[in-house]
Structures are given as structure tokens and as C-alpha cells.
Amino acid sequence: MPVTEDAIAAAEADYAQLLEETQTLILASGGESPTPEASYVPHVRDAQGNFYVFVSEMARHTINLRKGGNASVMLIEDEAKAKQIFARRRATFTVQPEELPRDSEDCQTQLDAFRAKFGQMIDMLAGMKDFHMIRLKPTSGRVVLGFAAAFRVTGDNWDQLEQRAASGSKGHG
């Protein structure tokens with residue numbers, strides 16, 4: 001059954017709200033070990049839909065990201081706000097990590113964005129030489145906004161949704 005333009009617009013608004021409300025992302029990264037690493041980290045997002053994390057090299061995920069390994073991120077609705085725990089709103093992206101040089105304009109711009117979002121704590125972290133700014137550029141994305149409400153994320157800024165079709169006679173798409 002085709003989804004109406006109004007329904008897509010409502011889903012895009014719900015998705016935008018999820019992105020706005022979420023301060024941290026769950027990060028999965030791959031490294032030399034066959035076991036993926038999972039963690040969480042505060043993030044900011046730019047107008048092109050890229051995520052940025054400012055992370056310590058003492059963390060295993062930082063080592064993986066700096067090597068440009070496989071990574072994915074998930075932003076997920078707070079459990080306390082979820083209408084249904086089995087259908088929490090969430091967005092998942094496959095991302096390509098890229099470290100920004102500390103002295104680059106891009107890094108300074110993102111440090112300013114972190115400061116605006118999280119306050120002066122970023123000044124202390126920025127003084128630590130083991131912290132690195134990593135851009136996580138989406139290469140694919142999907143959003144679940146409830147039962148039978150799964151979408152592909154598209155658009156130049158990763159801000160548009162397309163309804164996902166069921167992949168078989170049972171279950172969700």
C-alpha cells in the first residue's frame with residue numbers, strides 16, 4: 001500500500017525530531033580483531049548530515065575509526081520516552097570515518113558546534129592531545145519510527161525518507 005506524501009512528511013518531521021533530541025550515538029566499529037567494538041559517544045551533526053565525534057585514543061573505537069575501518073552508528077529514542085519498548089524510534093547509518101587534522105578549520109568549526117551543544121566541557125577535552133575529531137560520513141541509512149514504519153534515509157543531506165517494502169510475506173521490511 002503506497003504511503004501518502006503527508007505520511008512521509010510526518011515521518012520526516014518525526015525523524016528530524018529524533019535527530020534533534022539525541023545527544024549521543026551508539027557506535028560500532030571494526031578493527032584488527034574479528035569482534036566488533038560497541039560504544040557510545042556524544043556527537044554533533046552538520047548541515048550535510050555528517051556526524052562528528054570527539055574521542056580519546058585511549059578508547060578502542062578511536063583506534064578503529066582512525067584507521068578508517070568499518071563503522072556504523074545508531075541514534076535511538078530514550079527508553080523512558082518510548083511508547084513501545086519493542087519499537088523504539090531509531091536511525092542507523094553505515095558510515096565512513098575520516099579524522100580531521102586538529103589545526104584544520106573543519107575541526108575548529110566542529111569544536112565550536114560541540115561547545116554550543118555541550119558547553120564548556122569541550123574546552124577541557126580540547127586541551128587533551130589524545131582527543132581526535134572524526135567525521136562519520138553516512139553511506140547508507142535507515143530509520144524505524146514504530147511497527148511497520150521503516151524507511152530508507154536518502155537525500156543530499158540525509159534528511160529524506162522513502163518507505164521500505166516488506167522483504168517477504170512475513171515480518172517487516
# chains A, B, ... in the order shown; residues from 1 in each chain; ligands from 1
>>> residues_around(residues="region 66-79 of chain A", least_positions_apart="3", cutoff="6 Å", atoms="only C-alpha atoms", output="PyMOL selection string")
chain A and resi 25-30+62-63+82+88-95+97
>>> write_last_selection(atoms="N, CA and C atoms", output="PDB file, in the first residue's frame")
ATOM      1  N   LEU A  25      25.374   8.905  20.257  1.00  0.00           N
ATOM      2  CA  LEU A  25      25.102   7.848  19.295  1.00  0.00           C
ATOM      3  C   LEU A  25      25.794   6.584  19.758  1.00  0.00           C
ATOM      4  N   ILE A  26      25.228   5.468  19.381  1.00  0.00           N
ATOM      5  CA  ILE A  26      25.849   4.179  19.635  1.00  0.00           C
ATOM      6  C   ILE A  26      26.725   3.898  18.427  1.00  0.00           C
ATOM      7  N   LEU A  27      27.952   3.531  18.706  1.00  0.00           N
ATOM      8  CA  LEU A  27      28.953   3.367  17.671  1.00  0.00           C
ATOM      9  C   LEU A  27      29.434   1.926  17.641  1.00  0.00           C
ATOM     10  N   ALA A  28      29.431   1.335  16.476  1.00  0.00           N
ATOM     11  CA  ALA A  28      30.015   0.011  16.274  1.00  0.00           C
ATOM     12  C   ALA A  28      31.137   0.170  15.264  1.00  0.00           C
ATOM     13  N   SER A  29      32.316  -0.330  15.631  1.00  0.00           N
ATOM     14  CA  SER A  29      33.460  -0.183  14.733  1.00  0.00           C
ATOM     15  C   SER A  29      34.213  -1.492  14.636  1.00  0.00           C
ATOM     16  N   GLY A  30      34.862  -1.666  13.513  1.00  0.00           N
ATOM     17  CA  GLY A  30      35.649  -2.859  13.272  1.00  0.00           C
ATOM     18  C   GLY A  30      37.123  -2.521  13.250  1.00  0.00           C
ATOM     19  N   THR A  62      38.251   4.584  18.884  1.00  0.00           N
ATOM     20  CA  THR A  62      39.042   5.652  18.258  1.00  0.00           C
ATOM     21  C   THR A  62      40.137   5.061  17.378  1.00  0.00           C
ATOM     22  N   ILE A  63      40.791   4.035  17.882  1.00  0.00           N
ATOM     23  CA  ILE A  63      41.831   3.368  17.096  1.00  0.00           C
ATOM     24  C   ILE A  63      41.223   2.833  15.804  1.00  0.00           C
ATOM     25  N   ALA A  82       9.883   6.181  25.166  1.00  0.00           N
ATOM     26  CA  ALA A  82       9.349   5.272  24.146  1.00  0.00           C
ATOM     27  C   ALA A  82       7.913   4.866  24.463  1.00  0.00           C
ATOM     28  N   ARG A  88      11.212   1.170  19.633  1.00  0.00           N
ATOM     29  CA  ARG A  88      11.806   2.487  19.872  1.00  0.00           C
ATOM     30  C   ARG A  88      12.210   3.124  18.547  1.00  0.00           C
ATOM     31  N   ARG A  89      11.976   4.419  18.439  1.00  0.00           N
ATOM     32  CA  ARG A  89      12.401   5.149  17.246  1.00  0.00           C
ATOM     33  C   ARG A  89      13.929   5.113  17.189  1.00  0.00           C
ATOM     34  N   ARG A  90      14.448   4.854  15.978  1.00  0.00           N
ATOM     35  CA  ARG A  90      15.894   4.773  15.828  1.00  0.00           C
ATOM     36  C   ARG A  90      16.317   5.004  14.383  1.00  0.00           C
ATOM     37  N   ALA A  91      17.514   5.510  14.240  1.00  0.00           N
ATOM     38  CA  ALA A  91      18.121   5.706  12.927  1.00  0.00           C
ATOM     39  C   ALA A  91      19.483   5.036  12.950  1.00  0.00           C
ATOM     40  N   THR A  92      19.771   4.276  11.914  1.00  0.00           N
ATOM     41  CA  THR A  92      21.042   3.555  11.821  1.00  0.00           C
ATOM     42  C   THR A  92      21.700   3.917  10.495  1.00  0.00           C
ATOM     43  N   PHE A  93      23.003   4.196  10.559  1.00  0.00           N
ATOM     44  CA  PHE A  93      23.756   4.575   9.368  1.00  0.00           C
ATOM     45  C   PHE A  93      25.039   3.765   9.280  1.00  0.00           C
ATOM     46  N   THR A  94      25.374   3.332   8.078  1.00  0.00           N
ATOM     47  CA  THR A  94      26.717   2.860   7.781  1.00  0.00           C
ATOM     48  C   THR A  94      27.505   4.128   7.474  1.00  0.00           C
ATOM     49  N   VAL A  95      28.690   4.248   8.071  1.00  0.00           N
ATOM     50  CA  VAL A  95      29.453   5.490   7.924  1.00  0.00           C
ATOM     51  C   VAL A  95      30.892   5.208   7.531  1.00  0.00           C
ATOM     52  N   PRO A  97      34.507   6.699   8.342  1.00  0.00           N
ATOM     53  CA  PRO A  97      35.200   7.627   9.236  1.00  0.00           C
ATOM     54  C   PRO A  97      36.366   8.332   8.552  1.00  0.00           C
TER      55      PRO A  97
END
>>> residues_around(residues="Glu57 (chain A)", least_positions_apart="2", cutoff="8 Å", atoms="only C-alpha atoms", output="list in words")
Val55, Ala59, Arg60, Thr62, Ile63, Asp130, Phe131 and His132 of chain A
>>> write_last_selection(atoms="C-alpha atoms", output="mmCIF file, in the first residue's frame")
data_model
loop_
_atom_site.group_PDB
_atom_site.id
_atom_site.type_symbol
_atom_site.label_atom_id
_atom_site.label_comp_id
_atom_site.auth_asym_id
_atom_site.auth_seq_id
_atom_site.Cartn_x
_atom_site.Cartn_y
_atom_site.Cartn_z
ATOM 1 C CA VAL A 55 37.104 10.866 21.013
ATOM 2 C CA ALA A 59 39.227 4.098 23.508
ATOM 3 C CA ARG A 60 39.337 1.101 21.164
ATOM 4 C CA THR A 62 39.042 5.652 18.258
ATOM 5 C CA ILE A 63 41.831 3.368 17.096
ATOM 6 C CA ASP A 130 44.807 12.328 22.795
ATOM 7 C CA PHE A 131 41.385 13.545 21.594
ATOM 8 C CA HIS A 132 40.631 13.414 17.875
#
>>> residues_around(residues="Gln48 (chain A)", least_positions_apart="2", cutoff="6 Å", atoms="only C-alpha atoms", output="ChimeraX atom specification")
/A:46,50,157
>>> write_last_selection(atoms="N, CA and C atoms", output="mmCIF file, in the first residue's frame")
data_model
loop_
_atom_site.group_PDB
_atom_site.id
_atom_site.type_symbol
_atom_site.label_atom_id
_atom_site.label_comp_id
_atom_site.auth_asym_id
_atom_site.auth_seq_id
_atom_site.Cartn_x
_atom_site.Cartn_y
_atom_site.Cartn_z
ATOM 1 N N ASP A 46 26.378 18.007 11.052
ATOM 2 C CA ASP A 46 26.425 19.212 10.224
ATOM 3 C C ASP A 46 25.246 19.255 9.252
ATOM 4 N N ASN A 50 26.528 14.782 8.059
ATOM 5 C CA ASN A 50 27.669 14.067 8.629
ATOM 6 C C ASN A 50 27.621 14.155 10.148
ATOM 7 N N ASN A 157 21.416 15.578 2.077
ATOM 8 C CA ASN A 157 21.721 15.885 3.475
ATOM 9 C C ASN A 157 21.227 14.804 4.425
#
>>> select_by_dssp(residues="chain A", states="alpha helix (DSSP H)", output="VMD selection string")
chain A and resid 5 to 21 60 to 66 105 to 118 121 to 126
>>> residues_around(residues="Ala87 (chain A)", least_positions_apart="3", cutoff="6 Å", atoms="only C-alpha atoms", output="list in words")
Gln84, Gly146 and Phe147 of chain A
>>> select_by_dssp(residues="chain A", states="strand (DSSP E)", output="ChimeraX atom specification")
/A:24-29,37-42,44-45,51-56,71-76,90-100,131-144,150-154,160-163
>>> closest_residue(among="A:Ile85, A:Val44, A:Val144, A:Leu161", to="Thr109 (chain A)", atoms="only C-alpha atoms")
A:Val44
>>> closest_residue(among="A:Arg135, A:Arg152, A:Arg164, A:Arg142", to="Phe51 (chain A)", atoms="only C-alpha atoms")
A:Arg135
>>> decode(residues="region 16-120 of chain A", atoms="C-alpha atoms", output="compact mmCIF listing (two decimals), in the first residue's frame")
# COMPACT_ATOMS: atom_id res chain seq x y z
CA ALA A 16 14.16 15.25 12.39
CA GLN A 17 12.91 15.41 15.98
CA LEU A 18 14.77 12.18 16.81
CA LEU A 19 17.99 13.65 15.39
CA GLU A 20 17.48 16.89 17.33
CA GLU A 21 16.75 15.16 20.66
CA THR A 22 19.62 12.67 20.51
CA GLN A 23 22.87 13.80 22.13
CA THR A 24 24.78 10.55 21.88
CA LEU A 25 25.10 7.85 19.30
CA ILE A 26 25.85 4.18 19.63
CA LEU A 27 28.95 3.37 17.67
CA ALA A 28 30.02 0.01 16.27
CA SER A 29 33.46 -0.18 14.73
CA GLY A 30 35.65 -2.86 13.27
CA GLY A 31 39.35 -3.24 13.77
CA GLU A 32 42.01 -5.90 13.62
CA SER A 33 40.00 -8.18 15.89
CA PRO A 34 37.15 -10.13 14.28
CA THR A 35 34.95 -8.95 17.16
CA PRO A 36 33.32 -5.55 16.51
CA GLU A 37 33.60 -2.92 19.24
CA ALA A 38 30.46 -1.23 20.56
CA SER A 39 30.40 2.03 22.48
CA TYR A 40 28.57 5.31 22.78
CA VAL A 41 29.79 8.85 22.28
CA PRO A 42 28.34 12.39 22.24
CA HIS A 43 28.04 13.77 18.73
CA VAL A 44 27.18 16.78 16.61
CA ARG A 45 25.81 16.76 13.07
CA ASP A 46 26.42 19.21 10.22
CA ALA A 47 24.03 20.53 7.57
CA GLN A 48 25.20 17.84 5.11
CA GLY A 49 24.16 15.06 7.52
CA ASN A 50 27.67 14.07 8.63
CA PHE A 51 28.18 13.09 12.26
CA TYR A 52 31.20 14.21 14.27
CA VAL A 53 32.65 12.64 17.38
CA PHE A 54 35.49 13.95 19.55
CA VAL A 55 37.10 10.87 21.01
CA SER A 56 40.12 9.79 23.04
CA GLU A 57 42.69 7.48 21.52
CA MET A 58 42.54 5.52 24.77
CA ALA A 59 39.23 4.10 23.51
CA ARG A 60 39.34 1.10 21.16
CA HIS A 61 36.74 2.67 18.84
CA THR A 62 39.04 5.65 18.26
CA ILE A 63 41.83 3.37 17.10
CA ASN A 64 39.41 1.63 14.73
CA LEU A 65 38.00 4.90 13.39
CA ARG A 66 41.41 6.49 12.84
CA LYS A 67 42.35 3.51 10.68
CA GLY A 68 39.25 4.16 8.54
CA GLY A 69 37.70 0.80 9.37
CA ASN A 70 34.10 -0.25 9.00
CA ALA A 71 31.67 1.58 11.27
CA SER A 72 28.00 2.13 11.85
CA VAL A 73 26.09 4.39 14.20
CA MET A 74 22.67 4.26 15.77
CA LEU A 75 20.68 7.07 17.33
CA ILE A 76 17.88 5.71 19.46
CA GLU A 77 14.98 7.15 21.38
CA ASP A 78 15.30 7.35 25.16
CA GLU A 79 13.71 4.27 26.76
CA ALA A 80 11.75 6.43 29.20
CA LYS A 81 10.12 8.31 26.30
CA ALA A 82 9.35 5.27 24.15
CA LYS A 83 5.67 4.45 23.59
CA GLN A 84 6.61 0.81 22.98
CA ILE A 85 9.96 -0.64 24.09
CA PHE A 86 9.94 -3.12 21.18
CA ALA A 87 9.56 -0.32 18.64
CA ARG A 88 11.81 2.49 19.87
CA ARG A 89 12.40 5.15 17.25
CA ARG A 90 15.89 4.77 15.83
CA ALA A 91 18.12 5.71 12.93
CA THR A 92 21.04 3.56 11.82
CA PHE A 93 23.76 4.58 9.37
CA THR A 94 26.72 2.86 7.78
CA VAL A 95 29.45 5.49 7.92
CA GLN A 96 32.91 6.15 6.54
CA PRO A 97 35.20 7.63 9.24
CA GLU A 98 37.71 10.37 8.47
CA GLU A 99 39.95 12.09 11.00
CA LEU A 100 40.11 15.89 10.80
CA PRO A 101 43.51 17.49 11.48
CA ARG A 102 43.48 19.35 14.81
CA ASP A 103 44.63 22.60 13.19
CA SER A 104 42.07 22.49 10.36
CA GLU A 105 39.20 24.94 10.00
CA ASP A 106 36.79 21.98 9.83
CA CYS A 107 37.97 20.71 13.22
CA GLN A 108 37.63 24.16 14.79
CA THR A 109 34.13 24.54 13.34
CA GLN A 110 33.08 21.23 14.88
CA LEU A 111 34.68 22.09 18.23
CA ASP A 112 32.51 25.23 18.20
CA ALA A 113 29.46 23.06 17.45
CA PHE A 114 30.35 20.75 20.36
CA ARG A 115 30.77 23.78 22.64
CA ALA A 116 27.37 25.14 21.59
CA LYS A 117 25.69 21.78 22.23
CA PHE A 118 27.55 20.57 25.34
CA GLY A 119 29.02 23.65 26.99
CA GLN A 120 32.48 24.41 28.26
